[in-house]
$ cat my_file-v1.cif   # mmCIF, C-alpha atoms; chains and numbers go by the auth columns
data_start
loop_
_atom_site.group_PDB
_atom_site.id
_atom_site.type_symbol
_atom_site.label_atom_id
_atom_site.label_comp_id
_atom_site.label_asym_id
_atom_site.label_seq_id
_atom_site.Cartn_x
_atom_site.Cartn_y
_atom_site.Cartn_z
_atom_site.B_iso_or_equiv
_atom_site.auth_seq_id
_atom_site.auth_asym_id
ATOM 1 C CA MET A 1 179.008 195.306 202.891 0.00 1 A
ATOM 2 C CA ASN A 2 176.233 195.537 205.460 0.00 2 A
ATOM 3 C CA PHE A 3 177.039 198.893 207.068 0.00 3 A
ATOM 4 C CA GLU A 4 174.268 198.611 209.662 0.00 4 A
ATOM 5 C CA GLN A 5 175.633 195.301 210.957 0.00 5 A
ATOM 6 C CA ALA A 6 179.195 196.624 210.877 0.00 6 A
ATOM 7 C CA ARG A 7 178.111 199.736 212.832 0.00 7 A
ATOM 8 C CA PHE A 8 176.332 197.566 215.422 0.00 8 A
ATOM 9 C CA ASN A 9 179.401 195.320 215.761 0.00 9 A
ATOM 10 C CA MET A 10 181.653 198.372 216.176 0.00 10 A
ATOM 11 C CA VAL A 11 179.533 199.712 219.020 0.00 11 A
ATOM 12 C CA GLU A 12 179.041 196.380 220.772 0.00 12 A
ATOM 13 C CA GLN A 13 182.483 194.811 220.264 0.00 13 A
ATOM 14 C CA GLN A 14 184.826 197.802 220.234 0.00 14 A
ATOM 15 C CA ILE A 15 183.201 200.795 221.882 0.00 15 A
ATOM 16 C CA ARG A 16 181.398 199.188 224.838 0.00 16 A
ATOM 17 C CA THR A 17 184.387 196.999 225.682 0.00 17 A
ATOM 18 C CA TRP A 18 186.455 200.165 226.197 0.00 18 A
ATOM 19 C CA GLU A 19 184.002 201.330 228.857 0.00 19 A
ATOM 20 C CA VAL A 20 182.134 203.814 226.719 0.00 20 A
ATOM 21 C CA LEU A 21 178.789 203.246 228.407 0.00 21 A
ATOM 22 C CA ASP A 22 177.055 206.606 227.956 0.00 22 A
ATOM 23 C CA GLN A 23 173.907 205.545 226.127 0.00 23 A
ATOM 24 C CA ASP A 24 173.603 208.924 224.397 0.00 24 A
ATOM 25 C CA VAL A 25 177.090 208.472 222.922 0.00 25 A
ATOM 26 C CA LEU A 26 176.311 204.904 221.838 0.00 26 A
ATOM 27 C CA ASP A 27 173.044 206.006 220.234 0.00 27 A
ATOM 28 C CA LEU A 28 174.827 208.825 218.439 0.00 28 A
ATOM 29 C CA LEU A 29 177.429 206.430 217.027 0.00 29 A
ATOM 30 C CA MET A 30 174.575 204.297 215.722 0.00 30 A
ATOM 31 C CA THR A 31 172.908 207.330 214.121 0.00 31 A
ATOM 32 C CA VAL A 32 175.692 209.388 212.518 0.00 32 A
ATOM 33 C CA ARG A 33 176.866 207.436 209.478 0.00 33 A
ATOM 34 C CA ARG A 34 180.632 207.234 209.856 0.00 34 A
ATOM 35 C CA GLU A 35 181.021 205.586 206.453 0.00 35 A
ATOM 36 C CA GLU A 36 179.799 208.783 204.785 0.00 36 A
ATOM 37 C CA PHE A 37 182.805 210.679 206.187 0.00 37 A
ATOM 38 C CA VAL A 38 185.418 208.102 205.141 0.00 38 A
ATOM 39 C CA PRO A 39 187.150 208.460 201.744 0.00 39 A
ATOM 40 C CA ALA A 40 185.603 206.041 199.226 0.00 40 A
ATOM 41 C CA ALA A 41 188.773 203.954 198.960 0.00 41 A
ATOM 42 C CA TYR A 42 188.559 203.145 202.692 0.00 42 A
ATOM 43 C CA ARG A 43 184.787 202.882 203.124 0.00 43 A
ATOM 44 C CA ASN A 44 184.972 199.166 203.966 0.00 44 A
ATOM 45 C CA LEU A 45 187.228 200.082 206.909 0.00 45 A
ATOM 46 C CA ALA A 46 184.859 202.699 208.323 0.00 46 A
ATOM 47 C CA PHE A 47 184.103 200.601 211.417 0.00 47 A
ATOM 48 C CA ALA A 48 187.458 198.855 211.819 0.00 48 A
ATOM 49 C CA ASP A 49 189.701 199.520 214.797 0.00 49 A
ATOM 50 C CA VAL A 50 192.184 201.470 212.652 0.00 50 A
ATOM 51 C CA GLU A 51 193.091 205.043 211.794 0.00 51 A
ATOM 52 C CA ILE A 52 191.896 205.910 208.282 0.00 52 A
ATOM 53 C CA PRO A 53 193.958 208.188 206.002 0.00 53 A
ATOM 54 C CA ILE A 54 192.005 211.259 204.865 0.00 54 A
ATOM 55 C CA GLY A 55 194.746 213.134 203.027 0.00 55 A
ATOM 56 C CA CYS A 56 197.270 215.857 203.878 0.00 56 A
ATOM 57 C CA GLY A 57 199.035 213.391 206.167 0.00 57 A
ATOM 58 C CA GLN A 58 195.994 213.264 208.486 0.00 58 A
ATOM 59 C CA VAL A 59 193.859 210.352 209.672 0.00 59 A
ATOM 60 C CA MET A 60 190.444 209.751 211.167 0.00 60 A
ATOM 61 C CA LEU A 61 190.892 208.476 214.697 0.00 61 A
ATOM 62 C CA LYS A 62 189.913 204.947 215.627 0.00 62 A
ATOM 63 C CA PRO A 63 186.183 204.788 216.449 0.00 63 A
ATOM 64 C CA VAL A 64 186.864 203.904 220.078 0.00 64 A
ATOM 65 C CA ILE A 65 189.058 206.979 220.548 0.00 65 A
ATOM 66 C CA GLU A 66 186.358 209.219 219.067 0.00 66 A
ATOM 67 C CA ALA A 67 183.810 207.619 221.392 0.00 67 A
ATOM 68 C CA LYS A 68 186.015 207.995 224.481 0.00 68 A
ATOM 69 C CA ILE A 69 186.620 211.675 223.680 0.00 69 A
ATOM 70 C CA LEU A 70 182.928 212.328 223.098 0.00 70 A
ATOM 71 C CA GLN A 71 182.007 210.619 226.375 0.00 71 A
ATOM 72 C CA ALA A 72 184.686 212.547 228.302 0.00 72 A
ATOM 73 C CA LEU A 73 183.608 215.916 226.874 0.00 73 A
ATOM 74 C CA ARG A 74 180.027 215.510 228.102 0.00 74 A
ATOM 75 C CA VAL A 75 178.802 218.080 225.578 0.00 75 A
ATOM 76 C CA GLY A 76 175.298 219.313 226.349 0.00 76 A
ATOM 77 C CA ARG A 77 172.514 221.023 224.413 0.00 77 A
ATOM 78 C CA SER A 78 173.452 224.460 225.742 0.00 78 A
ATOM 79 C CA ASP A 79 177.177 224.158 224.906 0.00 79 A
ATOM 80 C CA SER A 80 179.102 225.979 222.203 0.00 80 A
ATOM 81 C CA VAL A 81 182.076 224.058 220.797 0.00 81 A
ATOM 82 C CA LEU A 82 185.169 225.108 218.882 0.00 82 A
ATOM 83 C CA GLU A 83 186.861 222.180 217.164 0.00 83 A
ATOM 84 C CA ILE A 84 190.397 222.723 215.862 0.00 84 A
ATOM 85 C CA GLY A 85 191.112 220.361 212.981 0.00 85 A
ATOM 86 C CA ALA A 86 187.977 219.480 211.025 0.00 86 A
ATOM 87 C CA GLY A 87 189.467 216.452 209.298 0.00 87 A
ATOM 88 C CA SER A 88 186.669 214.655 207.458 0.00 88 A
ATOM 89 C CA GLY A 89 183.948 216.447 209.438 0.00 89 A
ATOM 90 C CA TYR A 90 182.820 213.311 211.278 0.00 90 A
ATOM 91 C CA PHE A 91 183.643 214.502 214.786 0.00 91 A
ATOM 92 C CA ALA A 92 182.033 217.880 214.052 0.00 92 A
ATOM 93 C CA ALA A 93 178.875 215.994 213.054 0.00 93 A
ATOM 94 C CA LEU A 94 178.945 214.069 216.341 0.00 94 A
ATOM 95 C CA LEU A 95 179.452 217.286 218.304 0.00 95 A
ATOM 96 C CA ALA A 96 176.699 219.087 216.380 0.00 96 A
ATOM 97 C CA ALA A 97 174.216 216.394 217.353 0.00 97 A
ATOM 98 C CA ARG A 98 174.855 217.159 221.038 0.00 98 A
ATOM 99 C CA ALA A 99 175.754 220.869 221.219 0.00 99 A
ATOM 100 C CA ASP A 100 173.865 224.073 220.563 0.00 100 A
ATOM 101 C CA TRP A 101 176.599 225.462 218.280 0.00 101 A
ATOM 102 C CA VAL A 102 179.753 224.019 216.693 0.00 102 A
ATOM 103 C CA ARG A 103 182.500 225.779 214.733 0.00 103 A
ATOM 104 C CA SER A 104 185.166 223.554 213.203 0.00 104 A
ATOM 105 C CA LEU A 105 188.391 225.053 211.835 0.00 105 A
ATOM 106 C CA GLU A 106 190.800 223.407 209.426 0.00 106 A
ATOM 107 C CA ILE A 107 194.149 224.775 208.197 0.00 107 A
ATOM 108 C CA GLU A 108 194.456 222.396 205.213 0.00 108 A
ATOM 109 C CA PRO A 109 192.276 223.632 202.317 0.00 109 A
ATOM 110 C CA GLY A 110 191.749 220.100 200.988 0.00 110 A
ATOM 111 C CA LEU A 111 190.489 218.851 204.329 0.00 111 A
ATOM 112 C CA ALA A 112 188.358 221.961 204.862 0.00 112 A
ATOM 113 C CA LYS A 113 186.678 221.232 201.527 0.00 113 A
ATOM 114 C CA LEU A 114 186.255 217.524 202.401 0.00 114 A
ATOM 115 C CA ALA A 115 184.710 218.322 205.794 0.00 115 A
ATOM 116 C CA SER A 116 182.450 220.978 204.347 0.00 116 A
ATOM 117 C CA GLU A 117 181.167 218.670 201.606 0.00 117 A
ATOM 118 C CA ASN A 118 180.641 215.798 204.048 0.00 118 A
ATOM 119 C CA LEU A 119 178.771 217.988 206.509 0.00 119 A
ATOM 120 C CA GLU A 120 176.560 219.472 203.785 0.00 120 A
ATOM 121 C CA ARG A 121 175.368 215.960 202.912 0.00 121 A
#
$ encode --input "my_file-v1.cif" --output "structure tokens"
Amino acid sequence: MNFEQARFNMVEQQIRTWEVLDQDVLDLLMTVRREEFVPAAYRNLAFADVEIPIGCGQVMLKPVIEAKILQALRVGRSDSVLEIGAGSGYFAALLAARADWVRSLEIEPGLAKLASENLER
């Protein structure tokens, strides 16, 4: 699978069409490799307009929802962010690219481990 082409298609065909027009958000979605935060069994769905199971009954949100949230938050370089529910760590990685400081908490030990490992990479 050509992840770069799939990422480009996600941004152009899904994200922009839902009125996510903040260029910083679009650039960030092109930079942070979503496929690296998706469980291996679902990697080919990393850019699809679907929720992806990550274990413990939790899912990664659809890419467009993540983009809309990130655009609405308008996180800046001087902001500190507390994220409740680390999931796979992907959204924490997006936040960390925009904020001064991010702390992500996860109640499920399996997901905390997954997020931690993903973010370390």
$ resolve_selection --input "my_file-v1.cif" --expression "the PyMOL selection byres ((chain A and resi 90) around 9)" --output "list in words"
Val32, Arg33, Arg34, Glu36, Phe37, Val38, Met60, Ala86, Gly87, Ser88, Gly89, Phe91, Ala92, Ala93, Leu94, Leu95, Ala115, Asn118 and Leu119 of chain A
$ atom_distance --input "my_file-v1.cif" --atom1 "atom CA of Lys68 of chain A" --atom2 "atom CA of Gln14 of chain A"
11.1 Å
$ closest_residue --input "my_file-v1.cif" --among "A:Asp100, A:Glu4, A:Glu117, A:Glu19" --to "Ala46 of chain A" --atoms "all atoms listed in the file"
A:Glu4
$ atom_distance --input "my_file-v1.cif" --atom1 "atom CA of Ala96 of chain A" --atom2 "atom CA of Ala72 of chain A"
15.8 Å
$ residues_around --input "my_file-v1.cif" --residues "Leu28 of chain A" --least-positions-apart "5" --cutoff "9 Å" --atoms "all atoms listed in the file" --output "JSON, numbers by chain"
{"A": [23, 94, 97, 98]}
$ closest_residue --input "my_file-v1.cif" --among "A:Leu82, A:Leu105, A:Leu26, A:Val64" --to "Phe47 of chain A" --atoms "only C-alpha atoms"
A:Val64
$ atom_distance --input "my_file-v1.cif" --atom1 "atom CA of Glu106 of chain A" --atom2 "atom CA of Ala40 of chain A"
20.8 Å
$ closest_residue --input "my_file-v1.cif" --among "A:Gln5, A:Ser116, A:Gln13, A:Gln71" --to "Asp49 of chain A" --atoms "only C-alpha atoms"
A:Gln13
$ resolve_selection --input "my_file-v1.cif" --expression "the PyMOL selection byres ((chain A and resi 103) around 7)" --output "ChimeraX atom specification"
/A:81-83,101-102,104-105
$ residues_near_point --input "my_file-v1.cif" --point "(179.5, 202.1, 222.3)" --cutoff "6 Å" --atoms "only C-alpha atoms" --output "list in words"
Val11, Glu12, Ile15, Arg16, Val20 and Leu26 of chain A
$ closest_residue --input "my_file-v1.cif" --among "A:Leu29, A:Val75, A:Ala41, A:Ala67" --to "Thr17 of chain A" --atoms "all atoms listed in the file"
A:Ala67
$ resolve_selection --input "my_file-v1.cif" --expression "the PyMOL selection byres ((chain A and resi 58) around 12)" --output "ChimeraX atom specification"
/A:51-57,59-61,85-88,106-108,110-111
$ closest_residue --input "my_file-v1.cif" --among "A:Tyr42, A:Leu70, A:Arg121, A:Met30" --to "Asn9 of chain A" --atoms "only C-alpha atoms"
A:Met30
$ closest_residue --input "my_file-v1.cif" --among "A:Ile65, A:Leu21, A:Ala112, A:Ala99" --to "Ile84 of chain A" --atoms "all atoms listed in the file"
A:Ala112
$ build_atoms --input "my_file-v1.cif" --residues "segment 27-38 of chain A" --atoms "all heavy atoms" --output "PDB file, keeping the file's coordinate frame"
ATOM      1  N   ASP A  27     174.132 205.743 221.191  1.00  0.00           N
ATOM      2  CA  ASP A  27     173.044 206.006 220.234  1.00  0.00           C
ATOM      3  C   ASP A  27     173.514 206.908 219.104  1.00  0.00           C
ATOM      4  O   ASP A  27     173.149 206.702 217.941  1.00  0.00           O
ATOM      5  CB  ASP A  27     171.847 206.656 220.944  1.00  0.00           C
ATOM      6  CG  ASP A  27     171.131 205.705 221.882  1.00  0.00           C
ATOM      7  OD1 ASP A  27     171.345 204.476 221.802  1.00  0.00           O
ATOM      8  OD2 ASP A  27     170.349 206.204 222.724  1.00  0.00           O
ATOM      9  N   LEU A  28     174.311 207.891 219.437  1.00  0.00           N
ATOM     10  CA  LEU A  28     174.827 208.825 218.439  1.00  0.00           C
ATOM     11  C   LEU A  28     175.724 208.096 217.430  1.00  0.00           C
ATOM     12  O   LEU A  28     175.632 208.334 216.229  1.00  0.00           O
ATOM     13  CB  LEU A  28     175.601 209.934 219.141  1.00  0.00           C
ATOM     14  CG  LEU A  28     175.992 211.138 218.329  1.00  0.00           C
ATOM     15  CD1 LEU A  28     174.791 211.754 217.642  1.00  0.00           C
ATOM     16  CD2 LEU A  28     176.671 212.155 219.230  1.00  0.00           C
ATOM     17  N   LEU A  29     176.559 207.196 217.918  1.00  0.00           N
ATOM     18  CA  LEU A  29     177.429 206.430 217.027  1.00  0.00           C
ATOM     19  C   LEU A  29     176.623 205.510 216.117  1.00  0.00           C
ATOM     20  O   LEU A  29     177.068 205.182 215.013  1.00  0.00           O
ATOM     21  CB  LEU A  29     178.437 205.622 217.839  1.00  0.00           C
ATOM     22  CG  LEU A  29     179.445 206.457 218.624  1.00  0.00           C
ATOM     23  CD1 LEU A  29     180.257 205.572 219.554  1.00  0.00           C
ATOM     24  CD2 LEU A  29     180.349 207.239 217.696  1.00  0.00           C
ATOM     25  N   MET A  30     175.451 205.118 216.562  1.00  0.00           N
ATOM     26  CA  MET A  30     174.575 204.297 215.722  1.00  0.00           C
ATOM     27  C   MET A  30     173.828 205.154 214.702  1.00  0.00           C
ATOM     28  O   MET A  30     173.390 204.653 213.677  1.00  0.00           O
ATOM     29  CB  MET A  30     173.568 203.521 216.588  1.00  0.00           C
ATOM     30  CG  MET A  30     174.181 202.435 217.447  1.00  0.00           C
ATOM     31  SD  MET A  30     174.913 201.095 216.498  1.00  0.00           S
ATOM     32  CE  MET A  30     173.457 200.382 215.734  1.00  0.00           C
ATOM     33  N   THR A  31     173.700 206.435 214.968  1.00  0.00           N
ATOM     34  CA  THR A  31     172.908 207.330 214.121  1.00  0.00           C
ATOM     35  C   THR A  31     173.735 208.047 213.064  1.00  0.00           C
ATOM     36  O   THR A  31     173.339 208.107 211.897  1.00  0.00           O
ATOM     37  CB  THR A  31     172.188 208.377 215.000  1.00  0.00           C
ATOM     38  OG1 THR A  31     171.391 207.693 215.957  1.00  0.00           O
ATOM     39  CG2 THR A  31     171.320 209.282 214.164  1.00  0.00           C
ATOM     40  N   VAL A  32     174.853 208.631 213.457  1.00  0.00           N
ATOM     41  CA  VAL A  32     175.692 209.388 212.518  1.00  0.00           C
ATOM     42  C   VAL A  32     176.484 208.383 211.685  1.00  0.00           C
ATOM     43  O   VAL A  32     177.251 207.585 212.225  1.00  0.00           O
ATOM     44  CB  VAL A  32     176.635 210.359 213.260  1.00  0.00           C
ATOM     45  CG1 VAL A  32     177.519 211.103 212.266  1.00  0.00           C
ATOM     46  CG2 VAL A  32     175.830 211.346 214.096  1.00  0.00           C
ATOM     47  N   ARG A  33     176.309 208.428 210.401  1.00  0.00           N
ATOM     48  CA  ARG A  33     176.866 207.436 209.478  1.00  0.00           C
ATOM     49  C   ARG A  33     178.349 207.689 209.192  1.00  0.00           C
ATOM     50  O   ARG A  33     178.686 208.442 208.281  1.00  0.00           O
ATOM     51  CB  ARG A  33     176.056 207.425 208.192  1.00  0.00           C
ATOM     52  CG  ARG A  33     174.623 207.050 208.438  1.00  0.00           C
ATOM     53  CD  ARG A  33     173.846 207.012 207.143  1.00  0.00           C
ATOM     54  NE  ARG A  33     172.548 206.420 207.346  1.00  0.00           N
ATOM     55  CZ  ARG A  33     172.309 205.109 207.402  1.00  0.00           C
ATOM     56  NH1 ARG A  33     173.288 204.259 207.257  1.00  0.00           N
ATOM     57  NH2 ARG A  33     171.091 204.658 207.588  1.00  0.00           N
ATOM     58  N   ARG A  34     179.181 207.054 209.970  1.00  0.00           N
ATOM     59  CA  ARG A  34     180.632 207.234 209.856  1.00  0.00           C
ATOM     60  C   ARG A  34     181.139 206.954 208.440  1.00  0.00           C
ATOM     61  O   ARG A  34     182.023 207.645 207.938  1.00  0.00           O
ATOM     62  CB  ARG A  34     181.340 206.322 210.864  1.00  0.00           C
ATOM     63  CG  ARG A  34     182.816 206.606 211.022  1.00  0.00           C
ATOM     64  CD  ARG A  34     183.386 205.789 212.183  1.00  0.00           C
ATOM     65  NE  ARG A  34     184.615 206.361 212.668  1.00  0.00           N
ATOM     66  CZ  ARG A  34     185.822 206.019 212.195  1.00  0.00           C
ATOM     67  NH1 ARG A  34     185.932 205.104 211.272  1.00  0.00           N
ATOM     68  NH2 ARG A  34     186.895 206.604 212.682  1.00  0.00           N
ATOM     69  N   GLU A  35     180.562 205.962 207.792  1.00  0.00           N
ATOM     70  CA  GLU A  35     181.021 205.586 206.453  1.00  0.00           C
ATOM     71  C   GLU A  35     180.871 206.717 205.435  1.00  0.00           C
ATOM     72  O   GLU A  35     181.577 206.755 204.435  1.00  0.00           O
ATOM     73  CB  GLU A  35     180.293 204.324 205.952  1.00  0.00           C
ATOM     74  CG  GLU A  35     178.835 204.500 205.647  1.00  0.00           C
ATOM     75  CD  GLU A  35     177.895 204.341 206.828  1.00  0.00           C
ATOM     76  OE1 GLU A  35     178.362 204.374 207.995  1.00  0.00           O
ATOM     77  OE2 GLU A  35     176.685 204.194 206.592  1.00  0.00           O
ATOM     78  N   GLU A  36     179.987 207.659 205.699  1.00  0.00           N
ATOM     79  CA  GLU A  36     179.799 208.783 204.785  1.00  0.00           C
ATOM     80  C   GLU A  36     180.894 209.846 204.924  1.00  0.00           C
ATOM     81  O   GLU A  36     180.977 210.760 204.110  1.00  0.00           O
ATOM     82  CB  GLU A  36     178.417 209.396 204.985  1.00  0.00           C
ATOM     83  CG  GLU A  36     177.309 208.447 204.563  1.00  0.00           C
ATOM     84  CD  GLU A  36     175.928 209.020 204.735  1.00  0.00           C
ATOM     85  OE1 GLU A  36     175.800 210.222 205.037  1.00  0.00           O
ATOM     86  OE2 GLU A  36     174.968 208.249 204.567  1.00  0.00           O
ATOM     87  N   PHE A  37     181.721 209.731 205.953  1.00  0.00           N
ATOM     88  CA  PHE A  37     182.805 210.679 206.187  1.00  0.00           C
ATOM     89  C   PHE A  37     184.173 210.086 205.853  1.00  0.00           C
ATOM     90  O   PHE A  37     185.186 210.763 205.959  1.00  0.00           O
ATOM     91  CB  PHE A  37     182.788 211.143 207.652  1.00  0.00           C
ATOM     92  CG  PHE A  37     181.588 211.976 207.991  1.00  0.00           C
ATOM     93  CD1 PHE A  37     180.385 211.373 208.367  1.00  0.00           C
ATOM     94  CD2 PHE A  37     181.637 213.351 207.906  1.00  0.00           C
ATOM     95  CE1 PHE A  37     179.267 212.143 208.657  1.00  0.00           C
ATOM     96  CE2 PHE A  37     180.530 214.129 208.199  1.00  0.00           C
ATOM     97  CZ  PHE A  37     179.338 213.521 208.577  1.00  0.00           C
ATOM     98  N   VAL A  38     184.184 208.816 205.473  1.00  0.00           N
ATOM     99  CA  VAL A  38     185.418 208.102 205.141  1.00  0.00           C
ATOM    100  C   VAL A  38     185.641 208.188 203.634  1.00  0.00           C
ATOM    101  O   VAL A  38     184.696 208.019 202.867  1.00  0.00           O
ATOM    102  CB  VAL A  38     185.287 206.619 205.579  1.00  0.00           C
ATOM    103  CG1 VAL A  38     186.469 205.807 205.113  1.00  0.00           C
ATOM    104  CG2 VAL A  38     185.129 206.528 207.091  1.00  0.00           C
TER     105      VAL A  38
END
